[in-house]
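A.B. asks: Okay, so here is input_10.txt, and as you'll see once you scroll down, it has compact mmCIF, C-alpha atoms.
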```
# COMPACT_ATOMS: atom_id res chain seq x y z
CA MET A 82 110.56 -28.92 -102.71
CA LYS A 83 109.30 -31.61 -100.41
CA ASP A 84 112.53 -31.68 -98.39
CA GLY A 85 112.28 -27.92 -98.11
CA ALA A 86 108.73 -28.28 -96.79
CA LEU A 87 109.81 -30.84 -94.19
CA THR A 88 112.64 -28.60 -93.00
CA ALA A 89 110.24 -25.67 -92.78
CA LEU A 90 107.71 -27.74 -90.80
CA ALA A 91 110.43 -28.90 -88.41
CA GLY A 92 111.80 -25.39 -87.89
CA TYR A 93 108.49 -23.61 -87.37
CA PHE A 94 106.97 -26.18 -85.03
CA ALA A 95 110.14 -26.66 -82.97
CA MET A 96 110.10 -22.90 -82.40
CA MET A 97 106.40 -22.91 -81.50
CA SER A 98 106.94 -25.85 -79.17
CA LEU A 99 108.93 -23.63 -76.84
CA LEU A 100 106.84 -20.48 -77.31
CA ALA A 101 103.36 -21.93 -76.80
CA ILE A 102 102.81 -20.47 -73.34
CA GLY A 103 99.61 -21.93 -71.96
CA GLY A 104 99.35 -24.96 -74.24
CA ALA A 105 99.11 -25.90 -77.90
CA ASN A 106 96.12 -23.62 -78.57
CA SER A 107 98.27 -20.61 -77.66
CA ALA A 108 100.27 -21.18 -80.84
CA VAL A 109 97.21 -21.28 -83.14
CA PRO A 110 97.57 -17.63 -84.31
CA GLU A 111 101.22 -18.32 -85.16
CA MET A 112 100.28 -21.55 -86.96
CA GLN A 113 97.69 -19.66 -88.99
CA ARG A 114 100.14 -16.86 -89.76
CA VAL A 115 102.79 -19.32 -90.95
CA ALA A 116 100.54 -21.80 -92.79
CA VAL A 117 98.26 -19.26 -94.52
CA GLU A 118 100.08 -15.94 -94.74
CA VAL A 119 103.79 -16.75 -94.85
CA GLU A 120 104.13 -20.19 -96.47
CA HIS A 121 100.76 -20.33 -98.31
CA TRP A 122 100.40 -24.00 -97.40
CA MET A 123 96.61 -23.66 -97.19
CA SER A 124 93.75 -21.19 -97.54
CA ALA A 125 92.21 -19.47 -94.52
CA ARG A 126 89.15 -21.69 -94.90
CA GLN A 127 91.26 -24.83 -95.00
CA PHE A 128 92.97 -23.69 -91.82
CA ALA A 129 89.59 -23.16 -90.16
CA ASP A 130 88.59 -26.69 -91.28
CA THR A 131 91.83 -28.09 -89.90
CA PHE A 132 91.28 -26.40 -86.57
CA ALA A 133 87.70 -27.69 -86.43
CA ILE A 134 88.79 -31.27 -87.22
CA ALA A 135 91.52 -31.13 -84.58
CA GLN A 136 89.02 -29.97 -81.94
CA LEU A 137 86.65 -32.73 -82.98
CA THR A 138 89.26 -35.49 -82.85
CA PRO A 139 89.94 -37.18 -79.51
CA GLY A 140 93.35 -36.47 -78.05
CA PRO A 141 95.38 -33.46 -77.01
CA ASN A 142 94.89 -30.19 -78.94
CA VAL A 143 98.46 -30.47 -80.21
CA ILE A 144 97.38 -32.90 -82.95
CA ILE A 145 96.38 -29.92 -85.10
CA VAL A 146 100.06 -29.86 -86.11
CA THR A 147 99.78 -33.48 -87.31
CA LEU A 148 96.98 -32.41 -89.67
CA ILE A 149 98.91 -29.39 -90.92
CA GLY A 150 101.98 -31.57 -91.49
CA TYR A 151 99.89 -34.15 -93.35
CA HIS A 152 98.36 -31.47 -95.54
CA VAL A 153 101.79 -30.09 -96.43
CA ALA A 154 103.81 -33.26 -97.01
CA GLY A 155 101.72 -36.40 -96.39
CA LEU A 156 102.71 -38.94 -93.76
CA PRO A 157 106.34 -37.75 -93.46
CA GLY A 158 105.02 -34.24 -92.94
CA ALA A 159 102.64 -35.44 -90.22
CA LEU A 160 105.48 -37.21 -88.41
CA VAL A 161 107.94 -34.33 -88.71
CA ALA A 162 105.40 -31.74 -87.52
CA THR A 163 104.32 -33.87 -84.55
CA PHE A 164 107.90 -34.62 -83.45
CA ALA A 165 108.96 -31.00 -83.88
CA MET A 166 106.03 -29.69 -81.82
CA CYS A 167 106.45 -32.26 -79.02
CA GLY A 168 110.22 -32.83 -78.98
CA PRO A 169 111.74 -29.62 -77.61
CA THR A 170 109.10 -29.14 -74.94
CA CYS A 171 109.43 -32.79 -73.87
CA VAL A 172 113.19 -32.52 -73.49
CA PHE A 173 112.58 -29.33 -71.56
CA ALA A 174 109.95 -30.98 -69.35
CA PHE A 175 112.20 -33.98 -68.78
CA TYR A 176 115.27 -32.05 -67.64
CA VAL A 177 114.13 -28.62 -66.54
CA GLY A 178 110.79 -29.66 -65.06
CA HIS A 179 112.60 -31.67 -62.46
CA ALA A 180 115.02 -28.94 -61.43
CA TRP A 181 112.26 -26.36 -61.53
CA GLU A 182 110.34 -28.20 -58.81
CA ARG A 183 113.15 -27.47 -56.37
CA PHE A 184 112.51 -23.73 -56.71
CA LYS A 185 108.85 -24.18 -55.90
CA ASP A 186 108.88 -21.60 -53.12
CA ALA A 187 111.36 -19.15 -54.68
CA PRO A 188 109.86 -15.65 -55.12
CA TRP A 189 111.30 -15.27 -58.63
CA ARG A 190 109.55 -18.44 -59.73
CA ALA A 191 106.26 -17.11 -58.39
CA ALA A 192 106.84 -13.87 -60.32
CA VAL A 193 107.57 -15.68 -63.58
CA GLN A 194 104.53 -17.87 -63.10
CA ALA A 195 102.26 -14.92 -62.30
CA GLY A 196 103.73 -12.99 -65.23
CA LEU A 197 103.08 -15.76 -67.73
CA LEU A 198 99.41 -16.19 -66.78
CA PRO A 199 98.02 -13.04 -68.48
CA ILE A 200 100.20 -13.77 -71.53
CA SER A 201 98.77 -17.26 -71.92
CA ILE A 202 95.25 -15.83 -71.61
CA GLY A 203 96.05 -13.18 -74.22
CA LEU A 204 97.40 -15.85 -76.59
CA ILE A 205 94.30 -18.04 -76.18
CA ALA A 206 92.10 -14.96 -76.73
CA ALA A 207 94.07 -14.29 -79.92
CA SER A 208 93.46 -17.91 -80.99
CA ALA A 209 89.75 -17.53 -80.40
CA PHE A 210 89.74 -14.29 -82.38
CA VAL A 211 91.69 -15.73 -85.31
CA VAL A 212 89.55 -18.85 -85.71
CA ALA A 213 86.32 -16.98 -84.99
CA SER A 214 86.98 -14.34 -87.62
CA ALA A 215 87.54 -17.11 -90.17
CA ALA A 216 84.42 -19.03 -89.10
CA ALA A 217 81.94 -16.22 -88.40
CA HIS A 218 81.03 -15.31 -91.96
CA ASN A 219 77.31 -14.75 -91.37
CA LEU A 220 74.93 -13.96 -88.51
CA ALA A 221 74.06 -17.60 -87.82
CA ALA A 222 77.75 -18.48 -87.53
CA VAL A 223 78.29 -15.57 -85.13
CA ALA A 224 75.38 -16.89 -83.07
CA VAL A 225 76.96 -20.37 -82.96
CA VAL A 226 80.34 -18.92 -81.89
CA LEU A 227 78.77 -16.88 -79.09
CA GLY A 228 76.30 -19.59 -78.07
CA THR A 229 79.07 -22.18 -77.79
CA ALA A 230 81.25 -19.75 -75.83
CA LEU A 231 78.39 -19.12 -73.41
CA LEU A 232 77.63 -22.84 -72.96
CA THR A 233 81.33 -23.62 -72.44
CA HIS A 234 81.68 -20.82 -69.95
CA ALA A 235 78.55 -21.55 -67.96
CA THR A 236 78.06 -25.34 -68.14
CA ARG A 237 80.12 -28.53 -68.23
CA LEU A 238 78.28 -29.84 -71.29
CA ASN A 239 80.38 -32.20 -73.42
CA PRO A 240 81.47 -30.14 -76.45
CA LEU A 241 80.69 -33.09 -78.74
CA TRP A 242 76.97 -32.35 -78.37
CA ILE A 243 77.53 -28.75 -79.41
CA PHE A 244 79.64 -29.89 -82.37
CA ALA A 245 76.89 -32.30 -83.45
CA VAL A 246 74.23 -29.56 -83.37
CA ALA A 247 76.54 -27.13 -85.18
CA ALA A 248 77.33 -29.73 -87.86
CA LEU A 249 73.59 -30.28 -88.43
CA LEU A 250 72.95 -26.53 -88.64
CA GLY A 251 75.76 -26.32 -91.17
CA LEU A 252 74.44 -29.26 -93.17
CA ALA A 253 71.04 -27.61 -93.27
CA GLY A 254 72.74 -24.65 -94.95
CA LEU A 255 72.21 -22.23 -92.08
CA ILE A 256 75.87 -21.46 -91.40
CA MET B 220 90.48 -27.62 -54.48
CA PRO B 221 86.83 -27.72 -53.51
CA GLU B 222 85.87 -30.27 -56.15
CA THR B 223 88.40 -32.81 -54.92
CA ALA B 224 87.60 -32.24 -51.26
CA SER B 225 84.07 -33.49 -51.86
CA ALA B 226 85.32 -36.78 -53.33
CA PRO B 227 86.87 -38.80 -50.51
CA SER B 228 88.37 -41.41 -52.84
CA SER B 229 90.56 -38.86 -54.60
CA SER B 230 92.11 -37.38 -51.46
CA SER B 231 93.18 -40.72 -50.00
CA PRO B 232 96.76 -41.81 -50.78
CA PRO B 233 97.39 -43.84 -53.94
CA ALA B 234 96.44 -47.42 -53.27
CA SER B 235 98.12 -48.98 -56.30
CA PRO B 236 101.76 -49.95 -56.75
CA ALA B 237 103.75 -48.06 -59.38
CA PRO B 238 102.50 -48.97 -62.85
CA THR B 239 104.48 -51.09 -65.30
CA LEU B 240 105.41 -49.72 -68.72
CA PRO B 241 102.50 -51.43 -70.55
CA GLU B 242 100.08 -50.16 -67.90
CA LEU B 243 101.47 -46.67 -68.38
CA PHE B 244 101.02 -46.91 -72.15
CA VAL B 245 97.43 -48.11 -71.89
CA ALA B 246 96.50 -45.44 -69.35
CA PHE B 247 97.80 -42.59 -71.50
CA ALA B 248 96.32 -44.05 -74.68
CA LEU B 249 92.93 -44.14 -72.92
CA ILE B 250 93.40 -40.58 -71.67
CA ALA B 251 94.08 -39.47 -75.25
CA LEU B 252 91.22 -41.34 -76.89
CA CYS B 253 88.58 -40.42 -74.31
CA GLY B 254 89.60 -36.79 -74.15
CA PHE B 255 87.30 -34.96 -76.49
CA GLY B 256 87.79 -31.22 -76.24
CA GLY B 257 90.13 -31.24 -73.29
CA VAL B 258 92.32 -34.02 -72.00
CA LEU B 259 92.91 -32.53 -68.56
CA ALA B 260 89.70 -33.77 -66.96
CA TRP B 261 90.37 -37.27 -68.24
CA SER B 262 93.97 -37.40 -67.14
CA ARG B 263 92.92 -36.40 -63.66
CA ARG B 264 90.18 -39.01 -63.56
CA MET B 265 92.50 -41.73 -64.84
CA LEU B 266 95.62 -41.00 -62.76
CA VAL B 267 93.96 -39.94 -59.52
CA GLU B 268 90.55 -41.57 -59.31
CA GLU B 269 90.68 -44.78 -61.34
CA ARG B 270 94.29 -45.97 -61.20
CA ARG B 271 95.21 -44.14 -57.99
CA TRP B 272 98.76 -43.54 -59.12
CA MET B 273 98.75 -40.01 -57.78
CA THR B 274 96.94 -38.17 -55.00
CA ALA B 275 94.85 -35.15 -55.92
CA PRO B 276 97.40 -32.65 -54.47
CA GLU B 277 100.23 -34.43 -56.33
CA PHE B 278 98.26 -34.14 -59.54
CA ASP B 279 97.51 -30.45 -58.98
CA ASP B 280 101.21 -29.80 -58.35
CA ALA B 281 102.33 -31.70 -61.43
CA TYR B 282 99.70 -30.01 -63.57
CA ALA B 283 100.59 -26.54 -62.35
CA LEU B 284 104.17 -27.26 -63.37
CA CYS B 285 103.13 -28.53 -66.80
CA GLN B 286 100.92 -25.55 -67.44
CA PHE B 287 103.83 -23.34 -66.71
CA LEU B 288 106.26 -25.23 -68.96
CA PRO B 289 105.99 -24.16 -72.61
CA GLY B 290 104.30 -26.40 -75.17
CA PRO B 291 101.28 -28.69 -74.98
CA ASN B 292 100.32 -29.12 -71.31
CA VAL B 293 99.18 -32.71 -71.32
CA VAL B 294 102.20 -33.77 -73.38
CA ASN B 295 104.38 -32.26 -70.66
CA LEU B 296 102.29 -34.02 -68.02
CA SER B 297 102.90 -37.41 -69.65
CA VAL B 298 106.67 -36.79 -69.66
CA VAL B 299 106.84 -35.49 -66.10
CA PHE B 300 104.62 -38.29 -64.75
CA GLY B 301 106.26 -41.06 -66.79
CA ARG B 302 109.69 -39.93 -65.65
CA ARG B 303 108.65 -39.84 -62.02
CA ILE B 304 107.39 -43.43 -62.25
CA ARG B 305 109.90 -45.18 -64.53
CA GLY B 306 112.58 -42.70 -65.62
CA LEU B 307 113.35 -42.20 -69.30
CA PRO B 308 111.52 -45.36 -70.51
CA GLY B 309 108.47 -44.29 -68.49
CA ALA B 310 108.49 -40.81 -70.01
CA ALA B 311 108.86 -42.21 -73.54
CA VAL B 312 106.11 -44.81 -73.11
CA ALA B 313 103.63 -42.34 -71.59
CA LEU B 314 104.33 -39.86 -74.38
CA VAL B 315 103.89 -42.42 -77.16
CA GLY B 316 100.69 -43.66 -75.49
CA LEU B 317 99.31 -40.12 -75.43
CA ILE B 318 100.34 -39.08 -78.95
CA GLY B 319 100.41 -42.36 -80.90
CA PRO B 320 96.71 -43.32 -81.06
CA PRO B 321 95.42 -39.79 -81.82
CA PHE B 322 98.19 -39.50 -84.41
CA LEU B 323 96.82 -42.55 -86.26
CA VAL B 324 93.21 -41.34 -86.01
CA VAL B 325 93.99 -37.84 -87.19
CA THR B 326 96.20 -39.04 -90.06
CA LEU B 327 93.29 -41.14 -91.35
CA ILE B 328 91.05 -38.08 -91.07
CA GLY B 329 93.65 -35.99 -92.89
CA PHE B 330 93.69 -38.61 -95.65
CA ALA B 331 89.90 -38.48 -95.92
CA TYR B 332 89.86 -34.66 -95.85
CA ALA B 333 92.38 -34.51 -98.69
CA ARG B 334 89.91 -36.49 -100.82
CA LEU B 335 86.51 -35.35 -99.58
CA GLY B 336 87.29 -31.93 -98.09
CA GLU B 337 85.80 -30.02 -100.99
CA THR B 338 82.51 -31.96 -100.97
CA ALA B 339 79.65 -29.48 -100.52
CA ALA B 340 77.89 -31.36 -97.69
CA LEU B 341 81.10 -31.87 -95.74
CA GLN B 342 82.07 -28.23 -96.29
CA ARG B 343 78.76 -27.11 -94.79
CA MET B 344 79.16 -29.38 -91.75
CA LEU B 345 82.74 -28.22 -91.21
CA ALA B 346 81.63 -24.59 -91.41
CA GLY B 347 79.24 -25.27 -88.53
CA ILE B 348 81.82 -27.16 -86.50
CA ALA B 349 84.45 -24.47 -87.11
CA ALA B 350 82.11 -21.87 -85.61
CA ALA B 351 81.48 -24.09 -82.57
CA ALA B 352 85.20 -24.84 -82.19
CA ALA B 353 85.95 -21.11 -82.17
CA GLY B 354 83.25 -20.63 -79.53
CA LEU B 355 84.77 -23.42 -77.44
CA VAL B 356 88.13 -21.63 -77.34
CA LEU B 357 86.44 -18.32 -76.56
CA GLY B 358 84.50 -19.87 -73.66
CA THR B 359 87.61 -21.57 -72.30
CA CYS B 360 89.46 -18.28 -72.49
CA ALA B 361 86.72 -16.51 -70.55
CA LYS B 362 86.99 -19.21 -67.86
CA MET B 363 90.76 -18.76 -67.66
CA ALA B 364 90.43 -14.98 -67.40
CA ARG B 365 88.06 -15.09 -64.41
CA PRO B 366 90.81 -14.74 -61.75
CA LEU B 367 92.08 -11.59 -63.48
CA ARG B 368 88.74 -9.74 -63.31
CA LYS B 369 89.97 -7.13 -60.84
CA ASP B 370 93.59 -7.09 -61.94
CA ARG B 371 93.91 -4.07 -64.25
CA LEU B 372 97.59 -4.48 -65.04
CA GLY B 373 97.08 -8.18 -65.75
CA LEU B 374 94.20 -7.36 -68.08
CA LEU B 375 96.40 -4.79 -69.80
CA VAL B 376 98.99 -7.49 -70.52
CA VAL B 377 96.20 -9.77 -71.80
CA LEU B 378 95.05 -6.97 -74.09
CA MET B 379 98.55 -6.20 -75.36
CA THR B 380 99.22 -9.88 -76.10
CA PHE B 381 95.86 -10.21 -77.80
CA ALA B 382 96.38 -7.08 -79.90
CA SER B 383 99.91 -7.90 -81.04
CA VAL B 384 99.32 -11.58 -81.87
CA GLY B 385 95.60 -11.70 -82.66
CA VAL B 386 94.82 -8.35 -84.28
CA MET B 387 98.13 -7.04 -85.65
CA ARG B 388 99.20 -10.62 -86.46
CA GLY B 389 102.81 -10.13 -85.46
CA PRO B 390 105.08 -13.16 -85.09
CA ILE B 391 104.78 -14.83 -81.69
CA TYR B 392 108.50 -14.59 -80.86
CA ALA B 393 108.53 -10.82 -81.33
CA ALA B 394 105.47 -10.37 -79.13
CA LEU B 395 106.80 -12.64 -76.39
CA ALA B 396 110.28 -11.07 -76.44
CA GLY B 397 108.67 -7.82 -75.33
CA LEU B 398 105.75 -9.02 -73.23
CA VAL B 399 107.29 -11.81 -71.13
CA PRO B 400 109.91 -9.56 -69.48
CA LEU B 401 107.35 -6.78 -69.03
CA SER B 402 104.75 -9.05 -67.44
CA THR B 403 107.29 -10.80 -65.22
CA ALA B 404 108.65 -7.43 -64.08
CA ILE B 405 105.13 -6.29 -63.18
CA ALA B 406 104.57 -9.48 -61.20
CA TRP B 407 107.93 -9.06 -59.46
CA VAL B 408 107.25 -5.47 -58.40
CA ARG B 409 103.78 -6.33 -57.08
CA ARG B 410 104.89 -9.46 -55.28
```
Mind converting the file's structure to structure tokens?

C.D. replies:
Amino acid sequence: MKDGALTALAGYFAMMSLLAIGGANSAVPEMQRVAVEVEHWMSARQFADTFAIAQLTPGPNVIIVTLIGYHVAGLPGALVATFAMCGPTCVFAFYVGHAWERFKDAPWRAAVQAGLLPISIGLIAASAFVVASAAAHNLAAVAVVLGTALLTHATRLNPLWIFAVAALLGLAGLI
Amino acid sequence: MPETASAPSSSSPPASPAPTLPELFVAFALIALCGFGGVLAWSRRMLVEERRWMTAPEFDDAYALCQFLPGPNVVNLSVVFGRRIRGLPGAAVALVGLIGPPFLVVTLIGFAYARLGETAALQRMLAGIAAAAAGLVLGTCAKMARPLRKDRLGLLVVLMTFASVGVMRGPIYAALAGLVPLSTAIAWVRR
């Protein structure tokens, strides 16, 4: 069972590693789909918690996969998930990134780059939608989602302050 | 970049010699541990302004490449930068510096969550943070979408990606298999 879980973690995250156009957060809807709906590794609320903890923890957004791996199979799961999510893209960056630079001015490269931009935005929007629909279970929570989005969009406020206020509102039972 | 043009220190050429492997490790570990809610700003500050290992245009170039490569952007940046400086060992050291420390922190948190995650007080706090975290992604997305405001076809692709992955919850590979060629073709025709 545990070996099966490790193999599944490795397979899913290696695939996402190469499909996360626009960064780790682009793969969040796929992570949720796999972890909650397909493999039933965790409940929707646990996934929302995991996402929140990953955003709160210092470091690149990709460490959400470490938490998912840990939840599924302890320390080995955390290691396997992290390696699987970073490995393929790192090999790609190491070899292809170099060659790719030589085509910097090629028109086809510009087209691919321009074509991927709206897709990465659509994927991030899907991430926002997926985590927001799990988190926004009452009016106060909706207000926090929208208020944070507005502050992030309009100011350069450190998100930690927003998280602190939101945690206090939650503790007070308002969310 | 207007923000770099106003800071004279960042547009001058790198003043420091190429970093050693331990220096590379420490720099990326600091980038990871200081980078709450977005590591990009910190990596720029560290590599361009503090250590002066890259000029601002070099950084922008490298970052544009890493954003375009699939997978976590800053992870790609560590590999591309580490390789440029010290080849394979440089890439490996920068990567471990970036991922290693947060890995330890987050594993400890995962351990604590497995034991305390169902505590009522913690549940309430996490519910609040989850709402804020969702808002953070939404706000970031709105920022990213700004350049597409007047691009109807681009917005259509955004909408189709959003609908297939976010609303219909289809698998990401199926959505991308259709949308990447479509979007690239649109960009090619309008070039």

A.B. asks: Using all atoms listed in the file, find the one residue out of A:Phe128, A:Tyr93, A:Phe210, A:Trp242 that sits nearest to chain B.

C.D. replies: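 The closest residue to chain B is A:Phe210.
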
A.B. asks: Centre and edge lengths, as JSON, for the axis-aligned box enclosing every listed atom of stretch 85-102 of chain A with 8 Å of padding on each of the six sides, in Å to one decimal?

C.D. replies:
```
{"center_x": 107.7, "center_y": -25.7, "center_z": -85.7, "size_x": 25.8, "size_y": 26.4, "size_z": 40.8}
```

A.B. asks: When you count only C-alpha atoms, which of these residues is closest to B:Leu249: B:Ile328, B:Ala237, B:Leu307, B:Ala313?

C.D. replies: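 For B:Leu249, the nearest of the given residues is B:Ala313.
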
A.B. asks: Quick one: residues within 12 Å of A:Val119, all atoms listed in the file counted, chain neighbours fewer than 4 positions away excluded, as JSON, numbers by chain?

C.D. replies: {"A": [89, 93, 111, 112, 113, 114, 115, 123, 124, 125], "B": [388, 389, 390]}

A.B. asks: How would the residues just chosen look if you wrote them out with C-alpha atoms as a compact mmCIF listing (two decimals), in the coordinates of the input?

C.D. replies:
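Output contents, as saved in result30.txt:
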```
# COMPACT_ATOMS: atom_id res chain seq x y z
CA ALA A 89 110.24 -25.67 -92.78
CA TYR A 93 108.49 -23.61 -87.37
CA GLU A 111 101.22 -18.32 -85.16
CA MET A 112 100.28 -21.55 -86.96
CA GLN A 113 97.69 -19.66 -88.99
CA ARG A 114 100.14 -16.86 -89.76
CA VAL A 115 102.79 -19.32 -90.95
CA MET A 123 96.61 -23.66 -97.19
CA SER A 124 93.75 -21.19 -97.54
CA ALA A 125 92.21 -19.47 -94.52
CA ARG B 388 99.20 -10.62 -86.46
CA GLY B 389 102.81 -10.13 -85.46
CA PRO B 390 105.08 -13.16 -85.09
```

A.B. asks: Name the closest residue to chain B among the candidates A:Gly196, A:Gly92, A:Pro169, A:Pro188; distances are taken between atoms, counting all atoms listed in the file.

C.D. replies: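 Smallest distance to chain B is found for A:Gly196.
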
A.B. asks: Can you measure atom CA of B:Ala393 to atom CA of B:Val377 for me? One decimal in Å is fine.

C.D. replies: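 Atom-to-atom, atom CA of B:Ala393 to atom CA of B:Val377, that is 15.6 Å.
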
A.B. asks: Env of stretch 314-324 of chain B: 9 Å cut, atoms = only C-alpha atoms, seq-sep filter 2 positions within chain, self excluded. Answer as a ChimeraX atom specification.

C.D. replies: /A:138-141,143-144,147-148,159-160,163,171 /B:243-252,293-298,301,309-312,326-329

A.B. asks: Just the number, please: distance in Å from atom CA of A:Ala191 to atom CA of B:Arg305, one decimal.

C.D. replies: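 Taking atom CA of A:Ala191 as the start and atom CA of B:Arg305 as the end point, the length is 29.0 Å.
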
A.B. asks: Tell me which protein, DNA and RNA residues are within 10 Å of B:Ala346, counting all atoms listed in the file, leaving out same-chain ones fewer than 2 positions away, and put them as a CSV table (one decimal) with C-alpha atoms, in the frame of the given file.

C.D. replies:
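See out28.csv below for the written result:
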```csv
chain,number,residue,atom,x,y,z
A,126,ARG,CA,89.2,-21.7,-94.9
A,129,ALA,CA,89.6,-23.2,-90.2
A,130,ASP,CA,88.6,-26.7,-91.3
A,133,ALA,CA,87.7,-27.7,-86.4
A,215,ALA,CA,87.5,-17.1,-90.2
A,216,ALA,CA,84.4,-19.0,-89.1
A,217,ALA,CA,81.9,-16.2,-88.4
A,218,HIS,CA,81.0,-15.3,-92.0
A,222,ALA,CA,77.8,-18.5,-87.5
A,247,ALA,CA,76.5,-27.1,-85.2
A,248,ALA,CA,77.3,-29.7,-87.9
A,250,LEU,CA,73.0,-26.5,-88.6
A,251,GLY,CA,75.8,-26.3,-91.2
A,252,LEU,CA,74.4,-29.3,-93.2
A,254,GLY,CA,72.7,-24.6,-95.0
A,255,LEU,CA,72.2,-22.2,-92.1
A,256,ILE,CA,75.9,-21.5,-91.4
B,340,ALA,CA,77.9,-31.4,-97.7
B,341,LEU,CA,81.1,-31.9,-95.7
B,342,GLN,CA,82.1,-28.2,-96.3
B,343,ARG,CA,78.8,-27.1,-94.8
B,344,MET,CA,79.2,-29.4,-91.8
B,348,ILE,CA,81.8,-27.2,-86.5
B,349,ALA,CA,84.4,-24.5,-87.1
B,350,ALA,CA,82.1,-21.9,-85.6
B,351,ALA,CA,81.5,-24.1,-82.6
B,352,ALA,CA,85.2,-24.8,-82.2
```

A.B. asks: Counting only C-alpha atoms, which of A:Leu238, A:Val172, A:Ala213, A:Val246 gets nearest to chain B?

C.D. replies: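 Using only C-alpha atoms, the shortest distance to chain B belongs to A:Ala213.
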